[in-house]
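Trainee: Sharing work.cif, mmCIF, C-alpha atoms:
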data_upload
#
loop_
_atom_site.label_atom_id
_atom_site.label_comp_id
_atom_site.auth_asym_id
_atom_site.auth_seq_id
_atom_site.Cartn_x
_atom_site.Cartn_y
_atom_site.Cartn_z
CA MET A 1 17.68 35.76 -59.37
CA ASP A 2 21.40 36.18 -60.22
CA THR A 3 24.03 36.99 -57.61
CA SER A 4 24.21 40.74 -58.31
CA ALA A 5 20.43 41.11 -58.20
CA ARG A 6 20.23 39.14 -54.96
CA VAL A 7 22.93 41.32 -53.37
CA ALA A 8 21.11 44.46 -54.48
CA ASP A 9 17.83 43.11 -53.08
CA GLU A 10 19.44 42.32 -49.71
CA SER A 11 21.04 45.76 -49.62
CA PHE A 12 17.68 47.41 -50.36
CA LYS A 13 15.99 45.35 -47.64
CA HIS A 14 18.71 46.16 -45.09
CA CYS A 15 18.57 49.88 -45.89
CA HIS A 16 14.79 50.15 -45.58
CA GLY A 17 14.50 47.65 -42.76
CA ALA A 18 16.61 49.90 -40.56
CA ARG A 19 14.46 52.95 -41.31
CA VAL A 20 12.11 54.20 -38.60
CA VAL A 21 8.50 53.64 -39.62
CA ARG A 22 7.26 57.13 -38.80
CA ASP A 23 10.07 58.64 -40.90
CA LEU A 24 8.96 56.62 -43.91
CA VAL A 25 5.43 57.97 -43.52
CA LEU A 26 6.68 61.51 -42.95
CA GLU A 27 8.62 61.32 -46.21
CA GLN A 28 5.94 59.40 -48.12
CA PRO A 29 2.55 60.03 -46.47
CA ASP A 30 0.77 57.54 -48.71
CA ALA A 31 2.98 54.77 -47.31
CA ALA A 32 0.46 54.81 -44.46
CA ARG A 33 -2.01 53.03 -46.76
CA ILE A 34 0.44 50.18 -47.27
CA PHE A 35 1.18 49.93 -43.56
CA GLU A 36 -2.56 49.77 -42.85
CA THR A 37 -2.84 46.84 -45.26
CA PHE A 38 -0.16 44.90 -43.38
CA GLY A 39 -1.33 45.95 -39.90
CA ILE A 40 1.85 47.92 -39.20
CA ASP A 41 1.62 50.55 -36.45
CA TYR A 42 3.08 53.81 -37.75
CA CYS A 43 1.45 56.19 -35.24
CA CYS A 44 1.85 55.13 -31.60
CA GLY A 45 4.49 52.56 -32.53
CA GLY A 46 6.09 54.74 -35.16
CA GLY A 47 9.46 54.73 -33.40
CA GLN A 48 10.12 51.13 -34.44
CA THR A 49 12.30 50.27 -37.39
CA LEU A 50 10.50 48.76 -40.35
CA ALA A 51 12.08 45.40 -39.57
CA GLU A 52 10.82 45.54 -35.97
CA ALA A 53 7.37 46.67 -37.07
CA CYS A 54 7.08 43.84 -39.59
CA GLN A 55 8.08 41.36 -36.91
CA SER A 56 5.44 42.75 -34.53
CA ALA A 57 2.79 42.62 -37.26
CA LYS A 58 3.93 39.11 -38.28
CA CYS A 59 4.32 40.07 -41.92
CA SER A 60 7.09 39.73 -44.46
CA ILE A 61 9.42 42.69 -44.69
CA GLU A 62 10.15 41.71 -48.28
CA GLU A 63 6.46 42.02 -49.19
CA VAL A 64 6.15 45.37 -47.44
CA ILE A 65 9.23 46.81 -49.11
CA ARG A 66 8.08 45.48 -52.46
CA ALA A 67 4.69 47.13 -52.01
CA ILE A 68 6.29 50.45 -51.06
CA SER A 69 8.70 50.37 -54.00
CA LYS A 70 5.90 49.54 -56.49
CA CYS A 71 3.37 51.99 -55.15
CA ASP A 72 2.98 55.14 -57.21
CA MET A 73 2.90 57.72 -54.46
CA PRO A 74 2.08 61.28 -55.57
CA ALA A 75 3.58 64.18 -53.69
CA PRO A 76 1.40 65.23 -50.75
CA GLU A 77 -0.73 68.34 -51.16
CA ARG A 78 1.11 69.92 -48.26
CA ASP A 79 4.19 69.08 -46.23
CA TRP A 80 2.95 69.28 -42.66
CA ARG A 81 6.52 69.10 -41.36
CA THR A 82 7.01 72.74 -42.38
CA ALA A 83 3.47 74.15 -42.63
CA PRO A 84 2.25 76.54 -39.91
CA LEU A 85 1.19 74.67 -36.78
CA GLY A 86 -2.14 76.49 -36.71
CA ASP A 87 -2.90 75.24 -40.21
CA LEU A 88 -2.07 71.67 -39.20
CA ALA A 89 -4.24 71.89 -36.08
CA GLN A 90 -7.11 73.25 -38.16
CA TYR A 91 -6.65 70.46 -40.72
CA ILE A 92 -6.78 67.83 -37.96
CA VAL A 93 -9.98 69.32 -36.57
CA GLU A 94 -11.71 69.74 -39.93
CA ARG A 95 -10.55 66.45 -41.49
CA HIS A 96 -10.07 63.96 -38.66
CA HIS A 97 -12.06 65.25 -35.69
CA SER A 98 -15.15 65.88 -37.80
CA PHE A 99 -14.85 62.44 -39.42
CA ALA A 100 -14.44 60.73 -36.04
CA ARG A 101 -17.48 62.47 -34.55
CA ALA A 102 -19.69 61.64 -37.53
CA GLU A 103 -18.57 58.01 -37.65
CA ILE A 104 -18.89 57.49 -33.90
CA SER A 105 -22.55 58.48 -34.11
CA ARG A 106 -23.22 56.37 -37.20
CA LEU A 107 -21.29 53.28 -36.13
CA ALA A 108 -22.77 53.24 -32.62
CA GLY A 109 -26.23 52.99 -34.15
CA LEU A 110 -25.15 50.31 -36.63
CA ILE A 111 -23.49 48.22 -33.92
CA SER A 112 -26.58 48.48 -31.70
CA LYS A 113 -28.77 47.32 -34.57
CA LEU A 114 -26.55 44.32 -35.25
CA VAL A 115 -26.29 43.35 -31.59
CA SER A 116 -30.10 43.33 -31.35
CA ALA A 117 -30.47 41.23 -34.50
CA HIS A 118 -27.45 38.92 -34.33
CA GLY A 119 -25.86 39.25 -30.87
CA SER A 120 -27.14 35.89 -29.63
CA ASN A 121 -25.47 34.05 -32.51
CA HIS A 122 -22.42 36.30 -32.77
CA PRO A 123 -21.15 37.19 -29.28
CA GLU A 124 -18.17 38.96 -30.84
CA LEU A 125 -20.59 41.78 -31.68
CA LEU A 126 -21.24 42.34 -27.98
CA ARG A 127 -17.51 42.67 -27.41
CA VAL A 128 -17.17 45.07 -30.33
CA GLN A 129 -19.99 47.14 -28.83
CA ARG A 130 -18.29 47.35 -25.43
CA ILE A 131 -14.91 48.24 -26.92
CA PHE A 132 -16.36 50.82 -29.30
CA GLU A 133 -18.41 52.49 -26.55
CA GLY A 134 -15.30 52.88 -24.40
CA LEU A 135 -13.16 54.07 -27.30
CA SER A 136 -15.70 56.56 -28.60
CA GLY A 137 -16.42 58.07 -25.18
CA GLU A 138 -12.73 58.62 -24.48
CA LEU A 139 -12.06 59.89 -28.00
CA LEU A 140 -14.83 62.48 -27.85
CA GLN A 141 -13.43 63.86 -24.57
CA HIS A 142 -9.92 63.73 -26.02
CA MET A 143 -10.86 65.82 -29.06
CA ASP A 144 -12.72 68.34 -26.90
CA LYS A 145 -9.58 68.83 -24.78
CA GLU A 146 -7.44 69.33 -27.84
CA GLU A 147 -9.80 71.83 -29.42
CA GLY A 148 -10.57 73.69 -26.20
CA LEU A 149 -7.12 73.89 -24.62
CA LEU A 150 -4.12 72.39 -26.40
CA PHE A 151 -4.58 73.52 -29.98
CA PRO A 152 -5.39 77.16 -29.07
CA TYR A 153 -2.23 77.30 -26.94
CA ILE A 154 -0.12 75.90 -29.79
CA GLU A 155 -1.51 78.64 -32.01
CA GLU A 156 -0.63 81.23 -29.33
CA LEU A 157 2.93 79.89 -29.23
CA GLU A 158 3.21 80.26 -32.98
CA GLU A 159 1.79 83.78 -32.88
CA ALA A 160 4.27 84.74 -30.15
CA ALA A 161 7.12 83.48 -32.32
CA ARG A 162 5.80 85.29 -35.38
CA PHE A 163 5.59 88.65 -33.61
CA SER A 164 8.69 88.15 -31.41
CA ARG A 165 6.86 88.46 -28.13
CA ARG A 166 6.80 86.52 -24.90
CA PRO A 167 4.37 83.57 -25.04
CA PRO A 168 1.48 83.44 -22.54
CA GLU A 169 1.81 81.39 -19.37
CA PRO A 170 -0.33 78.26 -19.82
CA VAL A 171 -2.48 76.94 -17.00
CA PHE A 172 -0.85 73.51 -17.50
CA GLY A 173 2.71 74.79 -16.95
CA THR A 174 4.26 73.61 -20.19
CA VAL A 175 2.88 72.22 -23.43
CA GLN A 176 4.75 68.99 -22.67
CA ASN A 177 2.19 68.14 -19.97
CA PRO A 178 -0.96 67.98 -22.15
CA VAL A 179 1.09 66.50 -25.00
CA ALA A 180 2.18 63.63 -22.75
CA ALA A 181 -1.44 63.09 -21.67
CA MET A 182 -2.68 63.12 -25.27
CA ILE A 183 -0.03 60.59 -26.32
CA MET A 184 -1.06 58.25 -23.49
CA GLU A 185 -4.67 58.52 -24.62
CA HIS A 186 -3.59 57.83 -28.20
CA GLU A 187 -1.92 54.63 -27.03
CA ALA A 188 -5.12 53.56 -25.28
CA SER A 189 -7.09 54.24 -28.46
CA GLY A 190 -4.62 52.21 -30.50
CA GLN A 191 -4.93 49.30 -28.07
CA ALA A 192 -8.73 49.45 -28.30
CA LEU A 193 -8.55 49.31 -32.10
CA ASP A 194 -6.22 46.30 -31.92
CA THR A 195 -8.51 44.54 -29.45
CA MET A 196 -11.52 45.15 -31.65
CA ARG A 197 -9.69 43.83 -34.69
CA GLY A 198 -8.69 40.72 -32.75
CA ALA A 199 -12.23 40.16 -31.47
CA THR A 200 -13.48 40.02 -35.06
CA SER A 201 -10.58 37.89 -36.40
CA ASN A 202 -9.45 40.87 -38.46
CA TYR A 203 -13.04 41.67 -39.49
CA ALA A 204 -13.68 38.26 -41.02
CA LEU A 205 -17.32 38.13 -42.10
CA PRO A 206 -19.43 35.10 -41.17
CA ALA A 207 -20.90 33.19 -44.11
CA SER A 208 -24.41 34.38 -43.26
CA ALA A 209 -23.47 38.08 -42.95
CA CYS A 210 -26.23 40.50 -43.91
CA VAL A 211 -25.72 43.84 -45.63
CA SER A 212 -25.47 45.71 -42.31
CA PHE A 213 -22.88 43.22 -41.03
CA LYS A 214 -20.80 43.81 -44.15
CA ALA A 215 -21.18 47.56 -43.82
CA LEU A 216 -19.91 47.49 -40.24
CA TYR A 217 -16.91 45.31 -41.03
CA GLN A 218 -15.98 47.65 -43.88
CA SER A 219 -16.48 50.81 -41.83
CA LEU A 220 -14.55 49.83 -38.71
CA PRO A 221 -11.21 49.33 -40.55
CA ALA A 222 -11.79 52.66 -42.34
CA PHE A 223 -12.45 54.32 -38.97
CA ALA A 224 -9.24 52.78 -37.60
CA ALA A 225 -7.20 53.90 -40.62
CA ASP A 226 -8.39 57.49 -40.25
CA LEU A 227 -7.67 57.46 -36.51
CA HIS A 228 -4.18 56.08 -37.17
CA GLN A 229 -3.51 58.95 -39.59
CA HIS A 230 -4.98 61.42 -37.08
CA ILE A 231 -2.67 60.13 -34.33
CA HIS A 232 0.33 60.11 -36.66
CA LEU A 233 -0.12 63.79 -37.51
CA GLU A 234 -0.27 64.69 -33.83
CA ASN A 235 2.32 62.34 -32.31
CA ASN A 236 4.91 62.61 -35.06
CA ILE A 237 4.48 66.17 -36.36
CA LEU A 238 2.27 68.58 -34.41
CA PHE A 239 3.30 67.70 -30.86
CA PRO A 240 7.10 67.47 -31.38
CA ARG A 241 7.10 70.74 -33.30
CA ALA A 242 5.02 72.45 -30.57
CA VAL A 243 7.39 71.25 -27.84
CA GLU A 244 10.39 72.42 -29.85
CA LEU A 245 8.79 75.83 -30.47
CA GLU A 246 8.00 76.28 -26.78
CA ASN A 247 11.59 75.39 -25.86
CA ASP A 248 12.95 77.86 -28.42
CA LEU A 249 10.76 80.64 -27.05
CA ALA A 250 11.74 79.80 -23.48
CA GLN A 251 15.41 80.15 -24.42
CA LYS A 252 14.76 83.47 -26.13
CA TRP A 253 12.78 84.98 -23.24
CA ARG A 254 14.79 83.51 -20.38
#
So, in terms of structure tokens, how does the structure I just supplied come out?

Mentor:
Amino acid sequence: MDTSARVADESFKHCHGARVVRDLVLEQPDAARIFETFGIDYCCGGGQTLAEACQSAKCSIEEVIRAISKCDMPAPERDWRTAPLGDLAQYIVERHHSFARAEISRLAGLISKLVSAHGSNHPELLRVQRIFEGLSGELLQHMDKEEGLLFPYIEELEEAARFSRRPPEPVFGTVQNPVAAMIMEHEASGQALDTMRGATSNYALPASACVSFKALYQSLPAFAADLHQHIHLENNILFPRAVELENDLAQKWR
């Protein structure tokens, strides 16, 4: 590489390395696929710079930047940064909540089957079962709270803004309270996913793995990727916009 090309490469790396990970995904949603490949946290840890995230994930920032620059990323079907909040909440429920519920049921059965057949020779499966049971139980309750309380209130906020009327008084005082609770639960879910990945040595299949073993170790990373995207949409788009909207309405109706 000649001097001018090397300088340009270093400049490109410095520019992108200083970018906040969540902002990269907000601008290029399909960058999430690349971050998943490298084990970079863009949802709960989305406030890190790319350089910091690469250091945490123990991966090369040069490789990540190269992958992002070479990836042909089509424009997203919808920019959730500006779409109605009710539409985003509905999308999360229909796309991510429904997927999580279906996969929790399917994967729990698959894990139980594998533990019965191979648990004595593969104790890591017992640990995966314990982690997944805890994660799935908390996640099911989490989604119920969002659908039953938080999301309807966010839609009420948006309707109040649309029709220039005072928003209803929520039972939880301010939307910031359930949002803070949901974010804490997201962090716990992210930690459970990381622990499960570590327990399986990043889903490394044993040499004698059967078809069901392979199916599980393909499905769990897919489940994690969908949950990461689910959390990203809430932590980095839906929740901040809802808090901002509530604050704007409070100023208007003070």

Trainee: Set the distance at 12 Å and use only C-alpha atoms: which residues neighbour Ala160 in chain A once local chain neighbours fewer than 3 positions away are removed? I'd like the list as a list in words.

Mentor: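 Using only C-alpha atoms, the neighbours found are Tyr153, Ile154, Glu155, Glu156, Leu157, Phe163, Ser164, Arg165, Arg166, Pro167, Pro168, Glu169, Leu245, Glu246, Asp248, Leu249, Ala250, Lys252 and Trp253 of chain A.
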
Trainee: Those same residues, written as a PDB file, in the coordinates of the input with C-alpha atoms?

Mentor:
ATOM      1  CA  TYR A 153      -2.230  77.300 -26.940  1.00  0.00           C
ATOM      2  CA  ILE A 154      -0.120  75.900 -29.790  1.00  0.00           C
ATOM      3  CA  GLU A 155      -1.510  78.640 -32.010  1.00  0.00           C
ATOM      4  CA  GLU A 156      -0.630  81.230 -29.330  1.00  0.00           C
ATOM      5  CA  LEU A 157       2.930  79.890 -29.230  1.00  0.00           C
ATOM      6  CA  PHE A 163       5.590  88.650 -33.610  1.00  0.00           C
ATOM      7  CA  SER A 164       8.690  88.150 -31.410  1.00  0.00           C
ATOM      8  CA  ARG A 165       6.860  88.460 -28.130  1.00  0.00           C
ATOM      9  CA  ARG A 166       6.800  86.520 -24.900  1.00  0.00           C
ATOM     10  CA  PRO A 167       4.370  83.570 -25.040  1.00  0.00           C
ATOM     11  CA  PRO A 168       1.480  83.440 -22.540  1.00  0.00           C
ATOM     12  CA  GLU A 169       1.810  81.390 -19.370  1.00  0.00           C
ATOM     13  CA  LEU A 245       8.790  75.830 -30.470  1.00  0.00           C
ATOM     14  CA  GLU A 246       8.000  76.280 -26.780  1.00  0.00           C
ATOM     15  CA  ASP A 248      12.950  77.860 -28.420  1.00  0.00           C
ATOM     16  CA  LEU A 249      10.760  80.640 -27.050  1.00  0.00           C
ATOM     17  CA  ALA A 250      11.740  79.800 -23.480  1.00  0.00           C
ATOM     18  CA  LYS A 252      14.760  83.470 -26.130  1.00  0.00           C
ATOM     19  CA  TRP A 253      12.780  84.980 -23.240  1.00  0.00           C
TER      20      TRP A 253
END

Trainee: Given all atoms listed in the file as the basis, pick out the residue of A:Ala242, A:Leu26, A:Leu125, A:Ala53 nearest to Thr200 in chain A.

Mentor: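 Closest to Thr200 in chain A of all the choices is A:Leu125.
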
Trainee: Of the candidates A:Glu52, A:Glu147, A:Glu244, A:Glu36, which shows the shortest atom-to-atom distance to Val20 in chain A, using all atoms listed in the file?

Mentor: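 Distance minimum relative to Val20 in chain A lands on A:Glu52.
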
Trainee: Can you tell me how far CA of Ala67 in chain A sits from CA of Lys214 in chain A, in Å to one decimal?

Mentor: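 According to the coordinates, CA of Ala67 in chain A and CA of Lys214 in chain A are separated by 26.9 Å.
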
Trainee: Kindly resolve the PyMOL selection byres ((chain A and resi 221) around 12) on the present coordinates and return the residues as a VMD selection string.

Mentor: chain A and resid 33 36 to 37 39 103 107 193 to 194 196 to 198 200 202 to 204 214 to 220 222 to 228

Trainee: Please write the residues from the selection above to a file, keeping C-alpha atoms, as a compact mmCIF listing (two decimals), in the frame of the given file.

Mentor:
# COMPACT_ATOMS: atom_id res chain seq x y z
CA ARG A 33 -2.01 53.03 -46.76
CA GLU A 36 -2.56 49.77 -42.85
CA THR A 37 -2.84 46.84 -45.26
CA GLY A 39 -1.33 45.95 -39.90
CA GLU A 103 -18.57 58.01 -37.65
CA LEU A 107 -21.29 53.28 -36.13
CA LEU A 193 -8.55 49.31 -32.10
CA ASP A 194 -6.22 46.30 -31.92
CA MET A 196 -11.52 45.15 -31.65
CA ARG A 197 -9.69 43.83 -34.69
CA GLY A 198 -8.69 40.72 -32.75
CA THR A 200 -13.48 40.02 -35.06
CA ASN A 202 -9.45 40.87 -38.46
CA TYR A 203 -13.04 41.67 -39.49
CA ALA A 204 -13.68 38.26 -41.02
CA LYS A 214 -20.80 43.81 -44.15
CA ALA A 215 -21.18 47.56 -43.82
CA LEU A 216 -19.91 47.49 -40.24
CA TYR A 217 -16.91 45.31 -41.03
CA GLN A 218 -15.98 47.65 -43.88
CA SER A 219 -16.48 50.81 -41.83
CA LEU A 220 -14.55 49.83 -38.71
CA ALA A 222 -11.79 52.66 -42.34
CA PHE A 223 -12.45 54.32 -38.97
CA ALA A 224 -9.24 52.78 -37.60
CA ALA A 225 -7.20 53.90 -40.62
CA ASP A 226 -8.39 57.49 -40.25
CA LEU A 227 -7.67 57.46 -36.51
CA HIS A 228 -4.18 56.08 -37.17
